[in-house]
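First the structure, in the form of structure tokens, and then the observations on it.
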Amino acid sequence: MISPYRAQAEFIAWASLFSGQTFVKLVAYIDESGRHDKTGQQPGASQIVVAGIADHQEAWGYFTKKWCAILKHYDAPYFHFTEWVDAVHVARGTRNPTSSYCKNPYKGWKKEKLDGFLLQLGKLAGGGKRLLVGGFVSTRDFAEARKHPVYQNRAPLETDPYRHCLSLFFGTVMQEIQECWPNCTKPVTFFFDQNKDDESWNHAVLDAHRAAKDKDQRIAELSFANKKDRPHYPLQAADIVAYRFRQIAQNFTDPENSVVPSELDKVLIVPMFERANPHYLSEAAKSVLPMLPLRYANYPWRNKRGR
């Protein structure tokens, strides 16, 4: 298990990225999910989600120490939701092992161990005073609306659903943070999971961040980091948030799917609302109203099952 002294040393090394500047008050670790088909037709691509976790900078050193302890307890090198899901299917017998399963860090795990692992990490991610932030774009509806003669004039000027989602994220994240911590006026630094294989996505992230920073001085630096590097283990927690938010968005936009909280939601998401102030809860409730058409509207390109 990593010692508190080593965790503090790693945090100081992490903080040195800011070249002598005063430490920022808040740090947000962000990931994305559903970014593999801009038409939204492929499985898991009907929604693009950009989401993660924000917290005060002094909390992340302790968080990383606890995250390391859970990884060590389960003898896991890291957490990655996609690989976890693949291992669950194999454990349940609902899918044959894929060609990459031999490299899966959870290969051979029983379903009970897989569930315990996820819930322990989810409980840590949803604990403390952490704020889950994020948003989504219904990629399939975005693409189909732009082709439809009635709806194309109502579509956003942005033609790329991923860029549109990033703009929405950076355009609202500071409002979410202000609602959670009304008295906090310090800037926020963002860490995104690195994507070396997709330069267009990296440029889109930087462009959206730059545009938002020009409008709001509280938006500070943005860096890309490797979620497998210990100082940036919070990105693995952001992976849980983004993946689960995408699952929720997928269920929400299909009126025949349930939106009942899962066991993961009970330890990851529910605690945040239980400790939230009344103003945050009120604004969160209001934010759901504009999304209701995505669940109930009878868009002409959707089939009879609402998809």
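Here's how to read the names in the structure tokens: chain A, B, ... by the order shown, residue numbers from 1 in each chain, ligand numbers from 1 in the order shown.
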DSSP-assigned helix (DSSP H, G or I) members of region 204-240 of chain A, reported as number ranges by chain: A: 204-215, 230-232, 234-240
Using only C-alpha atoms: which of A:Gln175, A:Asn226, A:Ser167, A:Ser282 has the shortest distance to Asn195 (chain A):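 The closest residue to Asn195 (chain A) is A:Asn226.
When only C-alpha atoms are used to measure the gap to Ala297 (chain A), the shortest distance among A:Tyr29, A:Arg244, A:Asp141, A:Ala45 belongs to A:Asp141.
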Residues within 8 Å of Tyr106 (chain A), only C-alpha atoms, excluding chain neighbours under 6 positions, as a VMD selection string: chain A and resid 76 83 to 84 87 114
For the residues in the current selection, export N, CA, C and O atoms as a PDB file, in the first residue's frame.
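What follows is the written file result-v9.pdb:
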ATOM      1  N   ALA A  76      -5.457  -5.809  -8.895  1.00  0.00           N
ATOM      2  CA  ALA A  76      -5.761  -5.247 -10.210  1.00  0.00           C
ATOM      3  C   ALA A  76      -4.768  -4.130 -10.519  1.00  0.00           C
ATOM      4  O   ALA A  76      -4.489  -3.292  -9.653  1.00  0.00           O
ATOM      5  N   GLU A  83     -13.107  -2.920 -20.159  1.00  0.00           N
ATOM      6  CA  GLU A  83     -12.538  -4.237 -19.882  1.00  0.00           C
ATOM      7  C   GLU A  83     -13.298  -4.943 -18.767  1.00  0.00           C
ATOM      8  O   GLU A  83     -13.469  -6.171 -18.786  1.00  0.00           O
ATOM      9  N   TRP A  84     -13.780  -4.176 -17.801  1.00  0.00           N
ATOM     10  CA  TRP A  84     -14.580  -4.751 -16.727  1.00  0.00           C
ATOM     11  C   TRP A  84     -15.872  -5.358 -17.284  1.00  0.00           C
ATOM     12  O   TRP A  84     -16.254  -6.468 -16.924  1.00  0.00           O
ATOM     13  N   ALA A  87     -15.196  -8.603 -19.037  1.00  0.00           N
ATOM     14  CA  ALA A  87     -14.969  -9.680 -18.078  1.00  0.00           C
ATOM     15  C   ALA A  87     -16.272 -10.150 -17.433  1.00  0.00           C
ATOM     16  O   ALA A  87     -16.454 -11.348 -17.161  1.00  0.00           O
ATOM     17  N   LEU A 114     -15.897  -9.238  -9.419  1.00  0.00           N
ATOM     18  CA  LEU A 114     -16.023  -8.106 -10.330  1.00  0.00           C
ATOM     19  C   LEU A 114     -16.982  -7.058  -9.771  1.00  0.00           C
ATOM     20  O   LEU A 114     -16.693  -5.853  -9.801  1.00  0.00           O
TER      21      LEU A 114
END
